[in-house]
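**Student:** Input file: work_26.txt. Contents: compact mmCIF, C-alpha atoms.
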```
# COMPACT_ATOMS: atom_id res chain seq x y z
CA LYS A 1 124.51 120.63 106.03
CA GLY A 2 121.84 123.26 105.60
CA LYS A 3 119.93 121.13 103.09
CA ILE A 4 116.65 119.34 103.68
CA ARG A 5 115.24 116.96 101.10
CA LEU A 6 111.51 117.20 100.45
CA ALA A 7 109.61 113.95 100.23
CA PRO A 8 107.68 113.58 96.98
CA LEU A 9 104.11 114.82 97.02
CA ARG A 10 101.40 112.20 97.09
CA ARG A 11 99.79 111.77 93.68
CA SER A 12 96.61 113.58 94.77
CA ALA A 13 98.58 116.47 96.26
CA ALA A 14 100.75 116.79 93.16
CA ALA A 15 97.65 116.94 90.99
CA ALA A 16 96.22 119.64 93.22
CA ALA A 17 99.45 121.61 92.95
CA LEU A 18 99.27 121.47 89.17
CA ARG A 19 95.68 122.70 89.33
CA PHE A 20 97.12 125.76 91.05
CA GLY A 21 99.21 126.20 87.90
CA LEU A 22 102.38 126.17 89.96
CA GLY A 23 103.77 122.65 89.88
CA LEU A 24 106.26 122.18 92.69
CA GLY A 25 107.21 125.77 93.31
CA LEU A 26 107.55 129.31 92.13
CA GLY A 27 111.34 129.36 91.79
CA LEU A 28 113.67 132.10 92.96
CA GLY A 29 112.57 134.97 90.77
CA PRO A 30 113.17 135.54 87.07
CA ARG A 31 116.95 135.21 87.18
CA GLY A 32 117.45 132.82 90.07
CA PRO A 33 118.71 129.24 89.76
CA ALA A 34 115.50 127.62 90.92
CA ARG A 35 113.56 129.68 88.40
CA ARG A 36 115.48 127.81 85.75
CA GLY A 37 115.29 124.49 87.59
CA LEU A 38 111.67 124.38 88.71
CA LEU A 39 109.47 126.34 86.37
CA ARG A 40 111.10 125.10 83.21
CA THR A 41 110.22 121.54 84.13
CA MET A 42 106.64 122.43 83.24
CA ALA A 43 105.45 122.69 79.66
CA THR A 44 106.05 126.12 78.14
CA SER A 45 104.01 127.41 75.22
CA SER A 46 103.99 130.71 73.38
CA ALA A 47 101.03 131.68 75.57
CA ASP A 48 103.27 131.35 78.64
CA LEU A 49 105.48 134.08 77.22
CA ALA A 50 102.64 136.59 76.96
CA ALA A 51 102.86 139.97 78.65
CA SER A 52 102.97 139.93 82.43
CA PRO A 53 99.75 140.73 84.33
CA LEU A 54 101.88 143.07 86.48
CA ARG A 55 102.37 146.71 85.59
CA ARG A 56 105.63 146.99 87.56
CA PRO A 57 108.05 144.79 89.58
CA LEU A 58 106.61 143.04 92.62
CA CYS A 59 108.19 141.40 95.66
CA LEU A 60 105.18 139.95 97.49
CA VAL A 61 106.00 139.16 101.13
CA THR A 62 103.08 137.42 102.79
CA ASP A 63 102.13 135.59 105.94
CA ILE A 64 100.55 132.19 105.27
CA ASP A 65 97.79 131.29 107.75
CA GLY A 66 94.84 133.62 107.55
CA THR A 67 96.52 135.78 104.91
CA LEU A 68 97.57 133.73 101.88
CA HIS A 69 96.00 130.48 103.02
CA GLY A 70 92.39 130.50 104.12
CA HIS A 71 90.15 130.35 101.06
CA ASP A 72 91.17 128.05 98.23
CA GLU A 73 89.80 129.84 95.16
CA PRO A 74 91.26 133.30 95.93
CA MET A 75 94.59 131.66 96.76
CA ARG A 76 94.57 129.84 93.42
CA GLU A 77 93.82 133.11 91.66
CA LEU A 78 96.65 134.96 93.40
CA LEU A 79 99.21 132.19 92.94
CA GLY A 80 98.18 131.80 89.31
CA LEU A 81 98.76 135.49 88.76
CA MET A 82 102.21 135.27 90.36
CA GLU A 83 103.16 132.25 88.27
CA SER A 84 102.02 133.98 85.06
CA ALA A 85 104.06 137.04 86.02
CA GLN A 86 107.17 134.94 86.62
CA ARG A 87 106.82 133.18 83.28
CA ALA A 88 106.79 136.56 81.57
CA SER A 89 110.19 137.33 83.22
CA LEU A 90 109.68 141.12 83.16
CA PRO A 91 108.75 143.01 85.19
CA GLU A 92 110.55 141.10 87.90
CA CYS A 93 108.39 139.18 90.35
CA ALA A 94 109.09 137.14 93.51
CA MET A 95 106.94 135.37 96.09
CA VAL A 96 108.13 135.25 99.71
CA TYR A 97 106.37 133.45 102.57
CA ASN A 98 107.01 135.20 105.91
CA THR A 99 105.39 133.07 108.57
CA GLY A 100 105.50 131.94 112.16
CA ARG A 101 105.48 128.34 110.91
CA SER A 102 108.71 126.40 111.01
CA LEU A 103 110.04 124.83 107.83
CA PRO A 104 108.84 121.31 108.84
CA SER A 105 105.39 122.72 109.63
CA PHE A 106 105.22 124.47 106.27
CA LEU A 107 106.37 121.37 104.42
CA ARG A 108 103.54 119.40 106.03
CA LEU A 109 101.11 122.05 104.75
CA HIS A 110 102.80 121.94 101.34
CA LYS A 111 102.24 118.18 101.14
CA ALA A 112 98.77 118.03 102.66
CA GLU A 113 97.18 120.96 100.86
CA ALA A 114 99.55 121.56 97.96
CA VAL A 115 100.45 125.10 98.98
CA PRO A 116 103.27 125.71 96.47
CA LEU A 117 106.85 126.39 97.41
CA PRO A 118 107.79 130.08 97.39
CA ASP A 119 110.89 131.72 96.01
CA VAL A 120 112.07 132.35 99.57
CA PHE A 121 110.70 130.91 102.82
CA ILE A 122 111.10 132.96 106.01
CA GLY A 123 109.93 130.92 108.97
CA GLY A 124 109.84 130.84 112.76
CA THR A 125 108.84 134.53 113.00
CA GLY A 126 111.93 135.72 111.19
CA THR A 127 114.39 133.20 112.64
CA GLU A 128 115.04 131.02 109.58
CA MET A 129 115.30 131.55 105.83
CA TYR A 130 115.36 128.94 103.06
CA THR A 131 115.34 128.71 99.30
CA PHE A 132 114.51 125.65 97.20
CA GLU A 133 116.52 123.91 94.50
CA ARG A 134 116.15 120.87 92.32
CA SER A 135 119.10 118.53 92.72
CA SER A 136 120.78 116.59 89.91
CA ASN A 137 118.66 113.52 90.70
CA GLY A 138 115.42 115.50 90.47
CA GLU A 139 114.70 115.87 94.18
CA ILE A 140 113.79 119.27 95.56
CA GLU A 141 115.87 120.47 98.50
CA ALA A 142 115.37 123.27 101.02
CA ILE A 143 118.61 125.24 101.33
CA GLU A 144 119.22 127.30 104.47
CA VAL A 145 120.41 130.86 103.86
CA ALA A 146 123.38 130.62 106.23
CA ALA A 147 124.30 134.31 105.92
CA TYR A 148 120.94 135.30 107.36
CA ALA A 149 121.26 132.87 110.28
CA SER A 150 124.69 134.31 111.10
CA TYR A 151 123.32 137.84 110.95
CA ILE A 152 120.47 137.38 113.42
CA ALA A 153 122.58 135.35 115.89
CA LYS A 154 124.66 138.46 116.64
CA GLY A 155 124.08 140.57 119.74
CA GLY A 156 124.26 138.15 122.63
CA TRP A 157 121.53 135.60 121.88
CA ASP A 158 121.87 132.62 124.24
CA LYS A 159 119.31 129.90 123.59
CA ALA A 160 120.24 127.94 126.73
CA ALA A 161 119.70 130.98 128.98
CA VAL A 162 116.43 131.82 127.25
CA THR A 163 115.24 128.24 127.68
CA ARG A 164 116.04 128.31 131.41
CA ALA A 165 114.15 131.59 131.77
CA VAL A 166 111.12 130.20 129.95
CA GLU A 167 111.13 126.98 131.96
CA ALA A 168 111.29 128.96 135.22
CA THR A 169 108.38 131.10 134.04
CA VAL A 170 106.34 128.05 133.14
CA SER A 171 107.02 126.57 136.58
CA ALA A 172 105.88 129.80 138.23
CA ALA A 173 102.65 130.01 136.23
CA PRO A 174 101.84 126.49 134.96
CA HIS A 175 98.10 127.17 134.74
CA GLY A 176 98.61 129.72 131.96
CA VAL A 177 100.79 127.64 129.63
CA VAL A 178 98.89 125.34 127.34
CA ALA A 179 101.75 123.95 125.24
CA THR A 180 105.36 124.43 124.21
CA ASP A 181 106.31 124.30 120.56
CA PRO A 182 107.75 120.93 119.51
CA ASP A 183 110.06 122.86 117.17
CA ASN A 184 111.90 124.45 120.12
CA GLY A 185 114.59 121.78 120.08
CA ARG A 186 115.29 122.18 116.34
CA ASN A 187 115.23 125.98 116.02
CA LYS A 188 118.21 127.43 117.88
CA LEU A 189 116.97 130.99 117.44
CA LYS A 190 113.45 130.77 118.83
CA HIS A 191 111.50 129.52 121.83
CA ALA A 192 107.72 129.40 121.43
CA LEU A 193 104.75 128.63 123.64
CA THR A 194 100.97 128.77 123.60
CA VAL A 195 99.53 130.68 126.59
CA THR A 196 95.98 131.41 127.69
CA ALA A 197 94.99 134.97 126.84
CA ALA A 198 93.81 135.49 130.43
CA ALA A 199 97.26 134.67 131.84
CA LEU A 200 99.25 136.40 129.11
CA GLU A 201 100.06 139.69 130.87
CA ASP A 202 101.29 137.99 134.04
CA PHE A 203 103.26 135.47 132.01
CA ILE A 204 105.11 138.21 130.11
CA THR A 205 105.89 140.09 133.33
CA VAL A 206 107.39 137.02 134.97
CA LEU A 207 109.26 136.07 131.78
CA ARG A 208 110.98 139.45 131.60
CA ALA A 209 112.13 139.13 135.20
CA ARG A 210 113.45 135.62 134.58
CA LEU A 211 115.41 136.75 131.52
CA VAL A 212 117.10 139.39 133.68
CA ALA A 213 117.84 136.75 136.31
CA GLU A 214 119.50 134.58 133.65
CA ASN A 215 121.74 137.53 132.66
CA VAL A 216 120.32 137.69 129.17
CA PRO A 217 121.71 141.01 127.89
CA GLU A 218 119.16 143.77 127.54
CA GLY A 219 118.54 144.26 123.83
CA ALA A 220 119.68 140.74 122.92
CA VAL A 221 116.17 139.32 122.94
CA SER A 222 112.84 140.40 121.57
CA GLN A 223 111.33 139.18 124.81
CA ALA A 224 107.92 138.33 123.46
CA VAL A 225 106.29 138.56 120.08
CA VAL A 226 102.64 137.93 120.83
CA CYS A 227 99.87 137.14 118.39
CA SER A 228 96.41 135.69 118.63
CA HIS A 229 95.89 131.98 118.13
CA PHE A 230 94.65 131.50 114.58
CA GLN A 231 91.80 129.21 115.70
CA ASP A 232 91.06 129.84 119.39
CA PRO A 233 90.63 133.45 120.62
CA THR A 234 91.17 132.37 124.23
CA LEU A 235 94.79 131.47 123.42
CA ALA A 236 97.87 133.40 122.30
CA TYR A 237 101.19 132.47 120.76
CA VAL A 238 104.34 133.80 122.45
CA ASP A 239 107.64 133.75 120.53
CA ILE A 240 110.95 134.64 122.21
CA VAL A 241 113.50 135.41 119.49
CA PRO A 242 116.76 137.36 118.99
CA SER A 243 116.31 141.12 118.85
CA LEU A 244 117.52 141.10 115.24
CA ALA A 245 114.90 138.54 114.25
CA ASN A 246 111.34 139.43 113.31
CA LYS A 247 109.31 139.48 110.15
CA GLY A 248 110.18 143.10 109.41
CA ALA A 249 113.92 142.71 109.88
CA ALA A 250 113.86 139.60 107.69
CA THR A 251 112.07 141.53 104.96
CA THR A 252 114.67 144.31 105.08
CA TRP A 253 117.58 141.83 104.98
CA LEU A 254 115.93 140.04 102.07
CA LEU A 255 115.62 143.23 100.04
CA ARG A 256 119.20 144.31 100.73
CA ASN A 257 120.74 140.92 99.95
CA GLY A 258 118.42 139.47 97.30
CA ASP A 259 120.71 140.14 94.37
CA VAL A 260 123.59 138.22 95.96
CA HIS A 261 121.72 135.29 97.50
CA PHE A 262 118.66 134.85 95.28
CA GLY A 263 119.72 136.02 91.84
CA TRP A 264 117.32 138.96 91.88
CA ASN A 265 117.89 142.03 89.78
CA GLY A 266 117.50 144.91 92.18
CA PHE A 267 114.09 145.09 93.81
CA SER A 268 113.54 148.49 95.42
CA ALA A 269 111.35 149.27 98.41
CA THR A 270 108.64 150.56 96.09
CA ASP A 271 108.36 147.03 94.64
CA VAL A 272 107.46 145.50 98.02
CA LEU A 273 103.97 144.57 99.26
CA VAL A 274 103.81 143.06 102.77
CA CYS A 275 100.66 141.17 103.76
CA GLY A 276 99.45 139.98 107.16
CA ASP A 277 96.69 139.47 109.67
CA SER A 278 98.11 138.97 113.20
CA GLY A 279 100.46 140.34 115.84
CA ASN A 280 103.68 138.84 114.56
CA ASP A 281 103.04 140.62 111.24
CA GLN A 282 103.22 144.03 112.91
CA ALA A 283 106.98 144.24 112.38
CA MET A 284 106.38 144.16 108.62
CA PHE A 285 103.84 146.97 108.83
CA ASP A 286 106.18 148.99 111.04
CA LEU A 287 108.49 149.25 108.02
CA LEU A 288 105.91 151.44 106.27
CA HIS A 289 105.80 155.21 106.65
CA ASP A 290 104.34 157.97 104.50
CA ASP A 291 106.98 160.58 105.46
CA HIS A 292 110.00 159.42 103.47
CA ALA A 293 112.18 162.51 103.93
CA ALA A 294 112.45 162.16 107.71
CA GLU A 295 113.42 158.52 107.67
CA ASP A 296 117.12 158.49 106.72
CA ALA A 297 118.35 157.13 110.07
CA ALA A 298 115.59 154.54 110.22
CA VAL A 299 116.32 153.44 106.67
CA ALA A 300 119.99 153.05 107.51
CA ALA A 301 119.05 150.98 110.55
CA GLY A 302 116.75 148.82 108.46
CA THR A 303 113.59 149.70 110.39
CA ARG A 304 111.91 151.58 107.53
CA LEU A 305 111.32 150.84 103.85
CA PRO A 306 110.19 154.13 102.29
CA GLY A 307 107.86 153.47 99.41
CA ALA A 308 106.91 149.94 100.46
CA LYS A 309 103.21 149.11 100.72
CA GLY A 310 101.21 146.82 102.99
CA VAL A 311 97.81 145.20 103.26
CA LEU A 312 95.98 144.12 106.40
CA VAL A 313 93.35 141.60 105.32
CA SER A 314 89.81 142.04 106.64
CA ASN A 315 89.93 138.89 108.77
CA ALA A 316 92.80 140.38 110.82
CA LYS A 317 93.08 139.50 114.50
CA PRO A 318 91.87 141.99 117.15
CA GLU A 319 95.39 143.09 118.11
CA MET A 320 96.05 144.13 114.50
CA LEU A 321 92.79 146.01 114.15
CA ARG A 322 93.77 147.98 117.26
CA TYR A 323 97.23 148.54 115.80
CA ALA A 324 95.74 149.83 112.55
CA GLU A 325 93.78 152.54 114.36
CA SER A 326 97.01 154.24 115.41
CA ALA A 327 99.25 153.07 112.55
CA LEU A 328 97.17 154.74 109.86
CA ALA A 329 98.09 158.19 111.16
CA GLN A 330 101.57 157.71 109.68
CA ARG A 331 100.76 155.11 107.04
CA ALA A 332 97.47 156.11 105.40
CA ALA A 333 99.03 156.10 101.93
CA SER A 334 101.15 152.99 102.54
CA LEU A 335 98.86 150.59 104.44
CA HIS A 336 95.63 149.33 102.87
CA LEU A 337 92.89 147.93 105.10
CA ALA A 338 91.28 145.38 102.83
CA GLU A 339 87.55 144.83 102.65
CA SER A 340 88.19 141.23 101.62
CA GLU A 341 89.60 138.27 103.53
CA ALA A 342 92.87 136.41 103.05
CA ALA A 343 94.14 136.13 99.45
CA SER A 344 91.19 138.15 98.16
CA GLY A 345 92.45 141.01 100.30
CA ILE A 346 95.91 140.68 98.74
CA MET A 347 94.40 140.82 95.24
CA GLU A 348 92.44 143.88 96.33
CA ALA A 349 95.67 145.57 97.46
CA LEU A 350 97.46 144.75 94.20
CA THR A 351 94.71 146.65 92.42
CA HIS A 352 94.59 149.46 95.00
CA PHE A 353 98.32 150.16 94.73
CA GLY A 354 98.42 149.82 90.95
CA TRP A 355 100.29 146.55 90.42
CA ILE A 356 97.41 145.13 88.41
CA GLY A 357 94.47 146.64 86.55
CA SER A 358 94.07 149.00 83.66
```
Will you turn the file into structure tokens for me?
**Tutor:**
Amino acid sequence: KGKIRLAPLRRSAAAAALRFGLGLGLGLGPRGPARRGLLRTMATSSADLAASPLRRPLCLVTDIDGTLHGHDEPMRELLGLMESAQRASLPECAMVYNTGRSLPSFLRLHKAEAVPLPDVFIGGTGTEMYTFERSSNGEIEAIEVAAYASYIAKGGWDKAAVTRAVEATVSAAPHGVVATDPDNGRNKLKHALTVTAAALEDFITVLRARLVAENVPEGAVSQAVVCSHFQDPTLAYVDIVPSLANKGAATTWLLRNGDVHFGWNGFSATDVLVCGDSGNDQAMFDLLHDDHAAEDAAVAAGTRLPGAKGVLVSNAKPEMLRYAESALAQRAASLHLAESEAASGIMEALTHFGWIGS
């Protein structure tokens, strides 16, 4: 229970993964079990033990589509840098994917395009968390982080009531709903749909009323996390998730519990770079704030990470560009608006904030 076996990569995909310099995955950080199990299966030379390209510890928390994944060469460069940093062991380095994709959706991308496995996978807009291990027979398995699932299920989340509310909303406004997510049956902590942008406002209004009618406790549900469709600007994704589940909350939980669950050695907030491009990434950027002294209560609540940095890549969706206009007033020193797209923008931020470079 809680384990999913990964089918072997096709020969062509495996070769592509090795061209990335990352084999089957990045491991779980310098001291984690999968670090020992995955990376050491690849040949190690004295050159691999050279000094890290990083000037200080880095926990890179990134969205996938449009942020990490979008242009092959910059992604190879970034992932190669991360793999070189992990081989050097110090300073500590970890790669976290924080995506709206479900685990099955990501694994399809992993197989089809050889996007390497991360140290930690956060999926379903903060509703699921997995690590990866190599079993005794050589297979790689995805291991659910059960403690995280238990944490976000608190507070009155009722998937059956949410589903009834969504279905009633769809019946009331069928013209606006393009599709429901096939992962809705598997993920017990999320319900997702694709809605036309023109019908979005009315859909959300009706949905909120239906949730009240189903006696879903106020505060138990983040009623709608909306982001632009990554291919079609006339569509929008709508995720209904527990109030404790979003990309920002997952990042905070990860940082607080990484030593216990992932074998990390004490990442601090100043080691974190969050990266995104669309509306469901906003919760990560909301963690950032330039005024550290006034944030004690927010830090205790897990809604701020003083010292953390963020990058909004230049191909960001319209809702995030609008967000940035107001967000920069409190985050000018913490949030970098990249001039480059996707992984190139992440590399730009690593230089801007001093992780790499002379």
**Student:** State, in Å with one decimal place, the distance from CA of Met75 in chain A to CA of Leu273 in chain A.
**Tutor:** 16.2 Å
**Student:** Please measure the separation of CA of Ala198 in chain A and CA of Asp281 in chain A, giving the value in Å to one decimal.
**Tutor:**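 These two atoms are separated by 21.9 Å.
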**Student:** Restricting the calculation to all atoms listed in the file, which member of A:Ser84, A:Asn315, A:Thr270, A:Thr67 is positioned closest to Pro53 in chain A?
**Tutor:**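 Of all the options, A:Ser84 lies closest to Pro53 in chain A.
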**Student:** Just the residues within 8 Å of Gln282 in chain A, please, counting only C-alpha atoms, with nothing from its chain fewer than 6 positions along; format it as an MDAnalysis selection string.
**Tutor:** chainID A and resid 248 276 320
**Student:** Given all atoms listed in the file, how would the per-residue table for range 150-247 of chain A near range 111-125 of chain A read, listing every residue at most 9 Å away with its closest atom pair and distance in Å to one decimal, sorted by chain and number, as a tab-separated table?
**Tutor:**
```
residue	atom	partner	partner_atom	distance
A:Asn187	CA	A:Gly124	CA	8.0
A:Leu189	CA	A:Gly124	CA	8.5
A:Lys190	CA	A:Gly124	CA	7.1
A:Val225	CA	A:Thr125	CA	8.5
A:Asp239	CA	A:Thr125	CA	7.7
A:Val241	CA	A:Thr125	CA	8.0
A:Ala245	CA	A:Thr125	CA	7.4
A:Asn246	CA	A:Thr125	CA	5.5
A:Lys247	CA	A:Thr125	CA	5.7
```
